[in-house]
Amino acid sequence: MKITDAKVFIGGPGKNYVTLKVMTDQGVYGLGDATLNNRETLPAQYLKDYLVPNLIGRDPRNSEDIWQYFYKGAYFRRGPIAMAAIGAIDMALWDIKAKLAGMPLYQLLGGKSRDGALVYAHATGSDLEGLIDSISYYQEQGYQAVRVQCGIPGMPTKGYGVADNNQQNTPFITDFSGIIPKEEIWDTARYMRFMPEALMKIREKFGPELKLLHDVHHRLLPREAAEFAKAVEPVSLFWLEDPTPAEDQNALKFLRQHSTVPIAIGEVFNSIWDCNRLIENELIDFIRVAVTYAGGITPVKRIVDLAALHHVRTGFHGAPSHSPISMAAQAHLNVWAPNFGIQEYLTLGTEACDALFPSNHGLSQGKMFVSDQPGLGVDFDEREAQKYQYNPGSHPVVRLEDGTLWNY
Ligand code: GCO
Ligand code: MG
């Protein structure tokens, strides 16, 4: 069996999804997602220029060797661009393998450990009142877990994860007015004064059952993060995400010594080498890698297995930048993983998105139910794809009030 061709598409409704379609001489094809938010053309080009020409002629069933070939064969390896590109190939090869087996992917991983996988939605408010409305909205939709992000009084700009005008279901993270980013101002002191109390008010209002998550988005220094984590202990968060910049892993050791708040990290990690020490030293509670930027199903399964040895549960990244293909790959991992925790899930599935990526994966009562179709269980409509093209966008850039550049 041979790979005969592979095509790369960029575009989608309100997003620049990077979709890989790998064709074989037996008519079976596989799909992968290489979307790297706001840098989408780069994994696409890496695939087209370097990986696809080396893929043609190979036996698609040898997914392990092909992964090793592209990973070790690069010499200048890792990084989000290369790993997103390799990740898309790996997803497509598992899709082919599972289709050949006539089974949904989860069966090849070891079958189901649960029927539905718990997901969390993003609640957002420019103030506490707006945030409370947003949480109520998701609770009414049946969600059992919500991430809560709030505008901070007196902060010159809105802050991470806060939509304009309290809009629900809008992909507000990317600004599609161009590649020159807008600038936001961050004030740690105001955040530290406001947010712990706001979280406590939310807990009091919604009671003990609702699972609450909060994303600091890398903005605190280690000592500040420890103070924040201690302050929010009475809230009983499901997790506190990215309290400090992900590069300095010692920060998490410091945090652990001061607080028992569950810590989630990893959405910017690209390989097991970015998180093996954090996992082995049991400094985190949830690992947030994505099958895209962490290089596909093959390496992410290894991370999940390592995490299982150390009581670390999964909480895969599921920001709106992921296409339904990688979300499907993660859905299969989620129903299988013995150490599954939660899945980030953005309710941005629109009719247009479903038309481009038809599937029977479903969401009900705050859980994701995986399709029993062979493979990843998601298709890609090439004719529909012709409606879309690359649309340049950017993340904001963040500065402190005195102009110092900060972490987005
Ligand atoms: C999350 C993330 C995202 C990122 C986004 C960047 O927890 O979902 O922090 O919102 O900001 O993926 O492109
Ligand atoms: Mg995050």
# chains A, B, ... in the order shown; residues from 1 in each chain; ligands from 1
call {"tool": "select_by_dssp", "arguments": {"residues": "stretch 257-331 of chain A", "states": "helix (DSSP H, G or I)", "output": "ChimeraX atom specification"}}
result
/A:257-258,272-274,276-280,297-309,324-331
call {"tool": "residues_around", "arguments": {"residues": "A:Leu278", "least_positions_apart": "2", "cutoff": "12 Å", "atoms": "only C-alpha atoms", "output": "PDB file with N, CA, C and O atoms, in the first residue's frame"}}
result
ATOM      1  N   ALA A 246       5.191  29.574  30.486  1.00  0.00           N
ATOM      2  CA  ALA A 246       5.451  28.132  30.427  1.00  0.00           C
ATOM      3  C   ALA A 246       6.936  27.775  30.348  1.00  0.00           C
ATOM      4  O   ALA A 246       7.317  26.641  30.595  1.00  0.00           O
ATOM      5  N   GLU A 247       7.794  28.733  30.037  1.00  0.00           N
ATOM      6  CA  GLU A 247       9.206  28.390  29.874  1.00  0.00           C
ATOM      7  C   GLU A 247       9.883  28.034  31.188  1.00  0.00           C
ATOM      8  O   GLU A 247      10.770  27.189  31.225  1.00  0.00           O
ATOM      9  N   ASP A 248       9.501  28.707  32.263  1.00  0.00           N
ATOM     10  CA  ASP A 248      10.201  28.522  33.537  1.00  0.00           C
ATOM     11  C   ASP A 248       9.473  27.479  34.376  1.00  0.00           C
ATOM     12  O   ASP A 248       8.513  27.777  35.079  1.00  0.00           O
ATOM     13  N   GLN A 249       9.969  26.264  34.315  1.00  0.00           N
ATOM     14  CA  GLN A 249       9.257  25.186  34.995  1.00  0.00           C
ATOM     15  C   GLN A 249       9.526  25.168  36.498  1.00  0.00           C
ATOM     16  O   GLN A 249       8.762  24.579  37.256  1.00  0.00           O
ATOM     17  N   ASN A 250      10.600  25.841  36.945  1.00  0.00           N
ATOM     18  CA  ASN A 250      10.851  25.945  38.385  1.00  0.00           C
ATOM     19  C   ASN A 250       9.733  26.689  39.092  1.00  0.00           C
ATOM     20  O   ASN A 250       9.485  26.481  40.268  1.00  0.00           O
ATOM     21  N   ALA A 251       9.104  27.597  38.346  1.00  0.00           N
ATOM     22  CA  ALA A 251       8.022  28.390  38.926  1.00  0.00           C
ATOM     23  C   ALA A 251       6.938  27.481  39.497  1.00  0.00           C
ATOM     24  O   ALA A 251       6.325  27.778  40.517  1.00  0.00           O
ATOM     25  N   LEU A 252       6.728  26.333  38.820  1.00  0.00           N
ATOM     26  CA  LEU A 252       5.646  25.457  39.263  1.00  0.00           C
ATOM     27  C   LEU A 252       6.019  24.719  40.546  1.00  0.00           C
ATOM     28  O   LEU A 252       5.153  24.381  41.351  1.00  0.00           O
ATOM     29  N   LYS A 253       7.319  24.518  40.744  1.00  0.00           N
ATOM     30  CA  LYS A 253       7.792  23.908  41.982  1.00  0.00           C
ATOM     31  C   LYS A 253       7.475  24.850  43.153  1.00  0.00           C
ATOM     32  O   LYS A 253       6.951  24.450  44.187  1.00  0.00           O
ATOM     33  N   ARG A 256       3.728  24.870  43.863  1.00  0.00           N
ATOM     34  CA  ARG A 256       3.328  23.649  44.562  1.00  0.00           C
ATOM     35  C   ARG A 256       3.611  23.723  46.063  1.00  0.00           C
ATOM     36  O   ARG A 256       2.885  23.183  46.868  1.00  0.00           O
ATOM     37  N   ILE A 263      -3.196  22.484  39.052  1.00  0.00           N
ATOM     38  CA  ILE A 263      -2.540  23.291  38.018  1.00  0.00           C
ATOM     39  C   ILE A 263      -2.622  22.567  36.663  1.00  0.00           C
ATOM     40  O   ILE A 263      -2.330  21.382  36.559  1.00  0.00           O
ATOM     41  N   ALA A 264      -2.989  23.357  35.633  1.00  0.00           N
ATOM     42  CA  ALA A 264      -3.046  22.836  34.258  1.00  0.00           C
ATOM     43  C   ALA A 264      -2.096  23.656  33.398  1.00  0.00           C
ATOM     44  O   ALA A 264      -2.073  24.890  33.490  1.00  0.00           O
ATOM     45  N   ILE A 265      -1.326  22.957  32.590  1.00  0.00           N
ATOM     46  CA  ILE A 265      -0.367  23.658  31.729  1.00  0.00           C
ATOM     47  C   ILE A 265      -0.084  22.782  30.497  1.00  0.00           C
ATOM     48  O   ILE A 265      -0.304  21.583  30.527  1.00  0.00           O
ATOM     49  N   GLY A 266       0.397  23.410  29.432  1.00  0.00           N
ATOM     50  CA  GLY A 266       0.874  22.593  28.308  1.00  0.00           C
ATOM     51  C   GLY A 266       0.363  22.946  26.932  1.00  0.00           C
ATOM     52  O   GLY A 266       0.793  22.348  25.950  1.00  0.00           O
ATOM     53  N   PHE A 269       3.175  23.537  24.661  1.00  0.00           N
ATOM     54  CA  PHE A 269       4.245  22.534  24.574  1.00  0.00           C
ATOM     55  C   PHE A 269       4.190  21.798  23.228  1.00  0.00           C
ATOM     56  O   PHE A 269       3.117  21.563  22.689  1.00  0.00           O
ATOM     57  N   ILE A 272       7.046  15.698  24.343  1.00  0.00           N
ATOM     58  CA  ILE A 272       7.142  15.084  25.666  1.00  0.00           C
ATOM     59  C   ILE A 272       8.313  15.693  26.444  1.00  0.00           C
ATOM     60  O   ILE A 272       8.282  15.763  27.667  1.00  0.00           O
ATOM     61  N   TRP A 273       9.313  16.184  25.712  1.00  0.00           N
ATOM     62  CA  TRP A 273      10.484  16.763  26.371  1.00  0.00           C
ATOM     63  C   TRP A 273      10.165  18.106  27.024  1.00  0.00           C
ATOM     64  O   TRP A 273      10.935  18.597  27.839  1.00  0.00           O
ATOM     65  N   ASP A 274       9.030  18.699  26.677  1.00  0.00           N
ATOM     66  CA  ASP A 274       8.611  19.954  27.327  1.00  0.00           C
ATOM     67  C   ASP A 274       7.876  19.696  28.635  1.00  0.00           C
ATOM     68  O   ASP A 274       7.640  20.629  29.405  1.00  0.00           O
ATOM     69  N   CYS A 275       7.430  18.449  28.843  1.00  0.00           N
ATOM     70  CA  CYS A 275       6.611  18.222  30.042  1.00  0.00           C
ATOM     71  C   CYS A 275       7.016  17.003  30.850  1.00  0.00           C
ATOM     72  O   CYS A 275       6.437  16.766  31.909  1.00  0.00           O
ATOM     73  N   ASN A 276       8.030  16.235  30.406  1.00  0.00           N
ATOM     74  CA  ASN A 276       8.324  15.003  31.156  1.00  0.00           C
ATOM     75  C   ASN A 276       8.757  15.285  32.581  1.00  0.00           C
ATOM     76  O   ASN A 276       8.342  14.603  33.521  1.00  0.00           O
ATOM     77  N   GLU A 280       6.898  13.931  35.808  1.00  0.00           N
ATOM     78  CA  GLU A 280       7.598  12.996  36.706  1.00  0.00           C
ATOM     79  C   GLU A 280       7.744  13.565  38.120  1.00  0.00           C
ATOM     80  O   GLU A 280       7.709  12.835  39.097  1.00  0.00           O
ATOM     81  N   ASN A 281       7.901  14.876  38.217  1.00  0.00           N
ATOM     82  CA  ASN A 281       8.012  15.500  39.543  1.00  0.00           C
ATOM     83  C   ASN A 281       6.651  15.847  40.143  1.00  0.00           C
ATOM     84  O   ASN A 281       6.567  16.450  41.203  1.00  0.00           O
ATOM     85  N   GLU A 282       5.614  15.484  39.427  1.00  0.00           N
ATOM     86  CA  GLU A 282       4.233  15.676  39.904  1.00  0.00           C
ATOM     87  C   GLU A 282       3.966  17.127  40.306  1.00  0.00           C
ATOM     88  O   GLU A 282       3.410  17.410  41.369  1.00  0.00           O
ATOM     89  N   LEU A 283       4.395  18.022  39.421  1.00  0.00           N
ATOM     90  CA  LEU A 283       4.233  19.461  39.669  1.00  0.00           C
ATOM     91  C   LEU A 283       2.964  20.008  39.029  1.00  0.00           C
ATOM     92  O   LEU A 283       2.635  21.177  39.214  1.00  0.00           O
ATOM     93  N   ILE A 284       2.305  19.180  38.233  1.00  0.00           N
ATOM     94  CA  ILE A 284       1.060  19.622  37.592  1.00  0.00           C
ATOM     95  C   ILE A 284      -0.010  18.550  37.799  1.00  0.00           C
ATOM     96  O   ILE A 284       0.308  17.403  38.153  1.00  0.00           O
ATOM     97  N   ASP A 285      -1.244  18.946  37.552  1.00  0.00           N
ATOM     98  CA  ASP A 285      -2.360  18.021  37.734  1.00  0.00           C
ATOM     99  C   ASP A 285      -3.015  17.659  36.405  1.00  0.00           C
ATOM    100  O   ASP A 285      -3.636  16.613  36.292  1.00  0.00           O
ATOM    101  N   PHE A 286      -2.898  18.573  35.424  1.00  0.00           N
ATOM    102  CA  PHE A 286      -3.497  18.348  34.107  1.00  0.00           C
ATOM    103  C   PHE A 286      -2.492  18.733  33.032  1.00  0.00           C
ATOM    104  O   PHE A 286      -1.853  19.788  33.135  1.00  0.00           O
ATOM    105  N   ILE A 287      -2.399  17.900  32.002  1.00  0.00           N
ATOM    106  CA  ILE A 287      -1.505  18.216  30.880  1.00  0.00           C
ATOM    107  C   ILE A 287      -2.370  18.641  29.688  1.00  0.00           C
ATOM    108  O   ILE A 287      -3.303  17.957  29.313  1.00  0.00           O
ATOM    109  N   ILE A 303       2.647  10.824  25.904  1.00  0.00           N
ATOM    110  CA  ILE A 303       2.547  11.792  27.007  1.00  0.00           C
ATOM    111  C   ILE A 303       1.431  11.358  27.966  1.00  0.00           C
ATOM    112  O   ILE A 303       1.609  11.391  29.189  1.00  0.00           O
ATOM    113  N   LEU A 306       2.660   8.479  30.092  1.00  0.00           N
ATOM    114  CA  LEU A 306       3.599   8.935  31.130  1.00  0.00           C
ATOM    115  C   LEU A 306       2.812   9.641  32.245  1.00  0.00           C
ATOM    116  O   LEU A 306       3.039   9.393  33.442  1.00  0.00           O
ATOM    117  N   ALA A 307       1.876  10.495  31.841  1.00  0.00           N
ATOM    118  CA  ALA A 307       1.078  11.250  32.813  1.00  0.00           C
ATOM    119  C   ALA A 307       0.309  10.303  33.744  1.00  0.00           C
ATOM    120  O   ALA A 307       0.210  10.543  34.947  1.00  0.00           O
ATOM    121  N   HIS A 310       1.822   9.203  36.891  1.00  0.00           N
ATOM    122  CA  HIS A 310       2.080  10.232  37.914  1.00  0.00           C
ATOM    123  C   HIS A 310       0.820  10.992  38.310  1.00  0.00           C
ATOM    124  O   HIS A 310       0.915  12.132  38.756  1.00  0.00           O
ATOM    125  N   HIS A 311      -0.328  10.373  38.142  1.00  0.00           N
ATOM    126  CA  HIS A 311      -1.614  10.945  38.585  1.00  0.00           C
ATOM    127  C   HIS A 311      -1.937  12.252  37.872  1.00  0.00           C
ATOM    128  O   HIS A 311      -2.705  13.058  38.382  1.00  0.00           O
ATOM    129  N   VAL A 312      -1.327  12.465  36.737  1.00  0.00           N
ATOM    130  CA  VAL A 312      -1.629  13.678  35.959  1.00  0.00           C
ATOM    131  C   VAL A 312      -2.708  13.298  34.947  1.00  0.00           C
ATOM    132  O   VAL A 312      -2.575  12.304  34.238  1.00  0.00           O
TER     133      VAL A 312
END
call {"tool": "residues_around", "arguments": {"residues": "stretch 319-323 of chain A", "least_positions_apart": "3", "cutoff": "7 Å", "atoms": "only C-alpha atoms", "output": "list in words"}}
result
Tyr17, Asp33, Thr35, Asn37, Pro171, Ser326, Met327, Glu344, Tyr345, Leu346 and Leu348 of chain A
call {"tool": "residues_around", "arguments": {"residues": "A:Val300", "least_positions_apart": "4", "cutoff": "10 Å", "atoms": "only C-alpha atoms", "output": "JSON, numbers by chain"}}
result
{"A": [87, 270, 271, 272, 289, 290, 291, 292, 293, 294, 295, 296, 304, 305, 306, 316, 330, 333]}
call {"tool": "write_last_selection", "arguments": {"atoms": "N, CA and C atoms", "output": "PDB file, in the first residue's frame"}}
result
ATOM      1  N   GLY A  87       2.217  16.578  13.076  1.00  0.00           N
ATOM      2  CA  GLY A  87       0.985  16.153  13.753  1.00  0.00           C
ATOM      3  C   GLY A  87      -0.136  15.871  12.759  1.00  0.00           C
ATOM      4  N   ASN A 270       5.361  21.411  22.750  1.00  0.00           N
ATOM      5  CA  ASN A 270       5.427  20.725  21.459  1.00  0.00           C
ATOM      6  C   ASN A 270       5.883  19.285  21.537  1.00  0.00           C
ATOM      7  N   SER A 271       6.351  18.850  22.711  1.00  0.00           N
ATOM      8  CA  SER A 271       6.788  17.457  22.756  1.00  0.00           C
ATOM      9  C   SER A 271       6.825  16.978  24.197  1.00  0.00           C
ATOM     10  N   ILE A 272       7.046  15.698  24.343  1.00  0.00           N
ATOM     11  CA  ILE A 272       7.142  15.084  25.666  1.00  0.00           C
ATOM     12  C   ILE A 272       8.313  15.693  26.444  1.00  0.00           C
ATOM     13  N   VAL A 289      -1.529  19.496  26.398  1.00  0.00           N
ATOM     14  CA  VAL A 289      -1.036  19.453  25.018  1.00  0.00           C
ATOM     15  C   VAL A 289      -2.185  19.273  24.021  1.00  0.00           C
ATOM     16  N   ALA A 290      -1.902  19.585  22.768  1.00  0.00           N
ATOM     17  CA  ALA A 290      -2.876  19.374  21.691  1.00  0.00           C
ATOM     18  C   ALA A 290      -2.262  18.411  20.682  1.00  0.00           C
ATOM     19  N   VAL A 291      -3.096  17.606  20.027  1.00  0.00           N
ATOM     20  CA  VAL A 291      -2.552  16.674  19.024  1.00  0.00           C
ATOM     21  C   VAL A 291      -1.977  17.420  17.820  1.00  0.00           C
ATOM     22  N   THR A 292      -2.306  18.685  17.650  1.00  0.00           N
ATOM     23  CA  THR A 292      -1.687  19.436  16.550  1.00  0.00           C
ATOM     24  C   THR A 292      -0.258  19.818  16.929  1.00  0.00           C
ATOM     25  N   TYR A 293      -0.086  20.847  17.781  1.00  0.00           N
ATOM     26  CA  TYR A 293       1.271  21.366  18.030  1.00  0.00           C
ATOM     27  C   TYR A 293       2.166  20.387  18.778  1.00  0.00           C
ATOM     28  N   ALA A 294       1.611  19.354  19.381  1.00  0.00           N
ATOM     29  CA  ALA A 294       2.472  18.375  20.058  1.00  0.00           C
ATOM     30  C   ALA A 294       2.779  17.193  19.149  1.00  0.00           C
ATOM     31  N   GLY A 295       2.475  17.308  17.872  1.00  0.00           N
ATOM     32  CA  GLY A 295       2.998  16.338  16.896  1.00  0.00           C
ATOM     33  C   GLY A 295       2.146  15.133  16.591  1.00  0.00           C
ATOM     34  N   GLY A 296       0.868  15.140  16.961  1.00  0.00           N
ATOM     35  CA  GLY A 296      -0.020  14.066  16.524  1.00  0.00           C
ATOM     36  C   GLY A 296      -0.393  13.082  17.627  1.00  0.00           C
ATOM     37  N   VAL A 304       0.315  10.922  27.402  1.00  0.00           N
ATOM     38  CA  VAL A 304      -0.821  10.508  28.248  1.00  0.00           C
ATOM     39  C   VAL A 304      -0.411   9.313  29.114  1.00  0.00           C
ATOM     40  N   ASP A 305       0.315   8.373  28.527  1.00  0.00           N
ATOM     41  CA  ASP A 305       0.750   7.193  29.293  1.00  0.00           C
ATOM     42  C   ASP A 305       1.736   7.577  30.398  1.00  0.00           C
ATOM     43  N   LEU A 306       2.660   8.479  30.092  1.00  0.00           N
ATOM     44  CA  LEU A 306       3.599   8.935  31.130  1.00  0.00           C
ATOM     45  C   LEU A 306       2.812   9.641  32.245  1.00  0.00           C
ATOM     46  N   PHE A 316      -6.849  18.352  27.237  1.00  0.00           N
ATOM     47  CA  PHE A 316      -6.294  18.811  25.959  1.00  0.00           C
ATOM     48  C   PHE A 316      -6.812  20.185  25.562  1.00  0.00           C
ATOM     49  N   GLN A 330      -8.726  14.057  19.347  1.00  0.00           N
ATOM     50  CA  GLN A 330      -8.722  14.181  20.808  1.00  0.00           C
ATOM     51  C   GLN A 330      -9.950  13.509  21.428  1.00  0.00           C
ATOM     52  N   LEU A 333      -9.011   9.953  21.865  1.00  0.00           N
ATOM     53  CA  LEU A 333      -8.095   9.808  23.005  1.00  0.00           C
ATOM     54  C   LEU A 333      -8.861   9.975  24.320  1.00  0.00           C
TER      55      LEU A 333
END
call {"tool": "residues_near_ligand", "arguments": {"ligand": "ligand 2", "cutoff": "8 Å", "atoms": "only C-alpha atoms and all ligand atoms", "output": "list in words"}}
result
Asp215, Val216, His217, Glu241, Asp242, Ile265, Glu267, His317 and Ala319 of chain A
call {"tool": "atom_distance", "arguments": {"atom1": "atom CA of A:Arg78", "atom2": "atom CA of A:Ala92"}}
result
19.2 Å
call {"tool": "residues_around", "arguments": {"residues": "stretch 174-177 of chain A", "least_positions_apart": "3", "cutoff": "8 Å", "atoms": "only C-alpha atoms", "output": "list in words"}}
result
Asn38, Pro171, Pro181, Asn391, Pro392, Gly393, Ser394, His395 and Pro396 of chain A
call {"tool": "closest_residue", "arguments": {"among": "A:Ala98, A:Arg313, A:Val28, A:Lys211", "to": "A:Val148", "atoms": "only C-alpha atoms"}}
result
A:Lys211
call {"tool": "residues_around", "arguments": {"residues": "A:Cys353", "least_positions_apart": "3", "cutoff": "10 Å", "atoms": "only C-alpha atoms", "output": "list in words"}}
result
Gly12, Pro13, Gly14, Lys15, Ser323, Pro324, Leu348, Gly349, Thr350, Leu356, Phe357, Pro358 and Glu384 of chain A
